[in-house]
Amino acid sequence: MSEPIWNKFLTERDKAVFAASGYGARGGFGKRPALLVIDVNWAFCGDRSEPILKSIQRWRNSCGEDAWTALPYIKALIDKCHDKGIPVIYTTGVRREDNWDSGSWLWKNSRSEEDRQTIVTNLDGNEIAAPIAPAPQDIVVLKQKPSGFFGTNMASYLTLLGCDSVIVTGTTTSGCVRATVLDAFSLNYRVALAEEGCFDRSQASHAINLCDMNAKYADVVKTAEVLAFLDTLPSGLFELPAGPPAARLEPKAAANF
């Protein structure tokens, strides 16, 4: 059995403390999960797979090649949830045209004003990356701060769906993913993270935050284990959004040809 990704960053003292303290117990999956896909947009992925130091020249928030390594794992989870009728909820950012509502984001990054500029022609940085674009039945939550819950309808949507748990993917592990996990934990949802479906611009921050969340707030598990769990759930657990009328009519129109 392979060691956790974070072990190489821990001292022997740290490992002994975790072993003795009781933290890191398995919380387990819930019975009615939703898949959360946090901020997997062009701004955080870049528009192509390339080394991060090259990607951040154009996309200051890019996680570079690590984002594109994670995308197939996230897509596999989305596809499985679509097959089983399990809710998929995306988050991404939203801003006024004048960027006034960036607020405190402007205080901690010297390139924040670039967010209102056209970085790559015809691409909005807040648009979900095309390889995992939302389907008609999926839900997109717009947010302005790290947590997918803060100032959004996330909790009310989970209540409407009757969810008791969330499976979290996305970026950054140390930022918006962690903030969302802590809020979900605080609201008494069972929380799991698909390890390979989370990514960060800092590899050390990614590993250490997975370690800390696994110790106290969530189960960090391999994507294969999440997929196997989803396979055990019956189909038709949820009443999902129908999507816009055009999306609902498309299959029927196609059948007429």
# chains A, B, ... in the order shown; residues from 1 in each chain; ligands from 1

call {"tool": "closest_atom_pairs", "arguments": {"of": "range 109-223 of chain A", "to": "range 44-66 of chain A", "cutoff": "12 Å", "atoms": "only C-alpha atoms", "output": "JSON lines"}}
result
{"residue": "A:Asn109", "atom": "CA", "partner": "A:Arg60", "partner_atom": "CA", "distance": 9.5}
{"residue": "A:Ser110", "atom": "CA", "partner": "A:Arg60", "partner_atom": "CA", "distance": 10.0}
{"residue": "A:Arg111", "atom": "CA", "partner": "A:Arg60", "partner_atom": "CA", "distance": 7.1}
{"residue": "A:Ser112", "atom": "CA", "partner": "A:Arg60", "partner_atom": "CA", "distance": 8.3}
{"residue": "A:Glu113", "atom": "CA", "partner": "A:Arg60", "partner_atom": "CA", "distance": 10.5}
{"residue": "A:Glu114", "atom": "CA", "partner": "A:Arg60", "partner_atom": "CA", "distance": 8.1}
{"residue": "A:Asp115", "atom": "CA", "partner": "A:Arg60", "partner_atom": "CA", "distance": 8.6}
{"residue": "A:Arg116", "atom": "CA", "partner": "A:Trp59", "partner_atom": "CA", "distance": 11.8}
{"residue": "A:Gln117", "atom": "CA", "partner": "A:Trp59", "partner_atom": "CA", "distance": 10.6}
{"residue": "A:Thr118", "atom": "CA", "partner": "A:Arg58", "partner_atom": "CA", "distance": 9.9}
{"residue": "A:Ile119", "atom": "CA", "partner": "A:Arg58", "partner_atom": "CA", "distance": 6.2}
{"residue": "A:Val120", "atom": "CA", "partner": "A:Arg58", "partner_atom": "CA", "distance": 7.9}
{"residue": "A:Thr121", "atom": "CA", "partner": "A:Asp47", "partner_atom": "CA", "distance": 10.6}
{"residue": "A:Asn122", "atom": "CA", "partner": "A:Asp47", "partner_atom": "CA", "distance": 11.0}
{"residue": "A:Leu123", "atom": "CA", "partner": "A:Asp47", "partner_atom": "CA", "distance": 8.4}
{"residue": "A:Asp124", "atom": "CA", "partner": "A:Asp47", "partner_atom": "CA", "distance": 10.4}
{"residue": "A:Gly125", "atom": "CA", "partner": "A:Phe44", "partner_atom": "CA", "distance": 7.8}
{"residue": "A:Asn126", "atom": "CA", "partner": "A:Phe44", "partner_atom": "CA", "distance": 8.7}
{"residue": "A:Glu127", "atom": "CA", "partner": "A:Phe44", "partner_atom": "CA", "distance": 10.2}
{"residue": "A:Ile128", "atom": "CA", "partner": "A:Cys45", "partner_atom": "CA", "distance": 9.5}
{"residue": "A:Ala129", "atom": "CA", "partner": "A:Cys45", "partner_atom": "CA", "distance": 7.4}
{"residue": "A:Ala130", "atom": "CA", "partner": "A:Asp47", "partner_atom": "CA", "distance": 9.3}
{"residue": "A:Pro131", "atom": "CA", "partner": "A:Asp47", "partner_atom": "CA", "distance": 10.7}
{"residue": "A:Ile132", "atom": "CA", "partner": "A:Cys45", "partner_atom": "CA", "distance": 11.7}
{"residue": "A:Gly170", "atom": "CA", "partner": "A:Phe44", "partner_atom": "CA", "distance": 9.6}
{"residue": "A:Thr171", "atom": "CA", "partner": "A:Phe44", "partner_atom": "CA", "distance": 7.5}
{"residue": "A:Thr172", "atom": "CA", "partner": "A:Phe44", "partner_atom": "CA", "distance": 8.2}
{"residue": "A:Thr173", "atom": "CA", "partner": "A:Cys63", "partner_atom": "CA", "distance": 10.7}
{"residue": "A:Gly175", "atom": "CA", "partner": "A:Asn61", "partner_atom": "CA", "distance": 11.7}
{"residue": "A:Cys176", "atom": "CA", "partner": "A:Phe44", "partner_atom": "CA", "distance": 11.3}
{"residue": "A:Glu196", "atom": "CA", "partner": "A:Asp66", "partner_atom": "CA", "distance": 9.7}
{"residue": "A:Gly197", "atom": "CA", "partner": "A:Asp66", "partner_atom": "CA", "distance": 9.9}
{"residue": "A:Cys198", "atom": "CA", "partner": "A:Asp66", "partner_atom": "CA", "distance": 9.1}
{"residue": "A:Phe199", "atom": "CA", "partner": "A:Asp66", "partner_atom": "CA", "distance": 6.3}
{"residue": "A:Asp200", "atom": "CA", "partner": "A:Cys63", "partner_atom": "CA", "distance": 5.8}
{"residue": "A:Arg201", "atom": "CA", "partner": "A:Cys63", "partner_atom": "CA", "distance": 4.3}
{"residue": "A:Ser202", "atom": "CA", "partner": "A:Cys63", "partner_atom": "CA", "distance": 8.0}
{"residue": "A:Gln203", "atom": "CA", "partner": "A:Asp66", "partner_atom": "CA", "distance": 9.0}
{"residue": "A:His206", "atom": "CA", "partner": "A:Asp66", "partner_atom": "CA", "distance": 10.6}

call {"tool": "residues_around", "arguments": {"residues": "range 229-242 of chain A", "least_positions_apart": "4", "cutoff": "9 Å", "atoms": "only C-alpha atoms", "output": "compact mmCIF listing (two decimals) with C-alpha atoms, in the first residue's frame"}}
result
# COMPACT_ATOMS: atom_id res chain seq x y z
CA PHE A 29 -19.32 8.19 2.66
CA LYS A 31 -25.99 7.87 1.50
CA ARG A 32 -26.99 10.82 -0.71
CA PRO A 33 -23.87 12.57 -2.00
CA LEU A 77 -16.34 11.26 -11.57
CA LYS A 80 -20.19 8.37 -13.29
CA CYS A 81 -22.49 10.81 -11.49
CA ASP A 83 -24.78 7.81 -15.32
CA LYS A 84 -26.16 7.31 -11.79
CA GLY A 85 -28.23 10.50 -11.61
CA ILE A 86 -26.16 11.99 -8.78
CA PRO A 87 -26.01 15.80 -8.48
CA PRO A 136 -28.04 20.63 -18.63
CA GLN A 137 -28.92 18.90 -15.34
CA ASP A 138 -25.84 20.22 -13.53
CA ILE A 139 -25.85 23.22 -11.18
CA LEU A 161 -31.66 17.80 -3.23
CA GLY A 162 -31.74 16.03 0.14
CA CYS A 163 -27.97 15.51 0.20
CA ALA A 224 -11.00 4.75 -7.89
CA GLU A 225 -12.50 4.24 -4.43
CA ALA A 247 -31.74 20.97 -23.83
CA ARG A 248 -34.84 18.94 -22.94

call {"tool": "select_by_dssp", "arguments": {"residues": "range 131-164 of chain A", "states": "alpha helix (DSSP H)", "output": "PyMOL selection string"}}
result
chain A and resi 154-161

call {"tool": "atom_distance", "arguments": {"atom1": "CA of Gln144 in chain A", "atom2": "CA of Asp219 in chain A"}}
result
26.3 Å

call {"tool": "residues_around", "arguments": {"residues": "Ser147 in chain A", "least_positions_apart": "5", "cutoff": "8 Å", "atoms": "only C-alpha atoms", "output": "JSON, numbers by chain"}}
result
{"A": [176, 177, 178, 179, 180, 181, 183]}

call {"tool": "residues_around", "arguments": {"residues": "Cys211 in chain A", "least_positions_apart": "4", "cutoff": "9 Å", "atoms": "only C-alpha atoms", "output": "JSON, numbers by chain"}}
result
{"A": [4, 5, 6, 7, 24, 206, 207, 215, 216, 220]}

call {"tool": "closest_residue", "arguments": {"among": "A:Ile78, A:Tyr73, A:Lys143, A:Trp105", "to": "Lys222 in chain A", "atoms": "only C-alpha atoms"}}
result
A:Tyr73

call {"tool": "closest_residue", "arguments": {"among": "A:Val141, A:Ala184, A:Met213, A:Leu227", "to": "Val166 in chain A", "atoms": "only C-alpha atoms"}}
result
A:Ala184

call {"tool": "select_by_dssp", "arguments": {"residues": "range 138-225 of chain A", "states": "strand (DSSP E)", "output": "list in words"}}
result
Ile139, Val140, Val141, Leu142, Lys143, Ser165, Val166, Ile167, Val168, Thr169, Gly170, Thr171, Arg190, Val191, Ala192, Leu193, Ala194, Glu195, Glu196, Gly197, Cys198, Phe199, Asp219, Val220 and Val221 of chain A

call {"tool": "atom_distance", "arguments": {"atom1": "CA of Asp101 in chain A", "atom2": "CA of Leu158 in chain A"}}
result
26.2 Å

call {"tool": "atom_distance", "arguments": {"atom1": "CA of Phe185 in chain A", "atom2": "CA of Tyr90 in chain A"}}
result
18.2 Å

call {"tool": "closest_residue", "arguments": {"among": "A:Ala155, A:Ile167, A:Val37, A:Val17", "to": "Ser186 in chain A", "atoms": "only C-alpha atoms"}}
result
A:Ala155
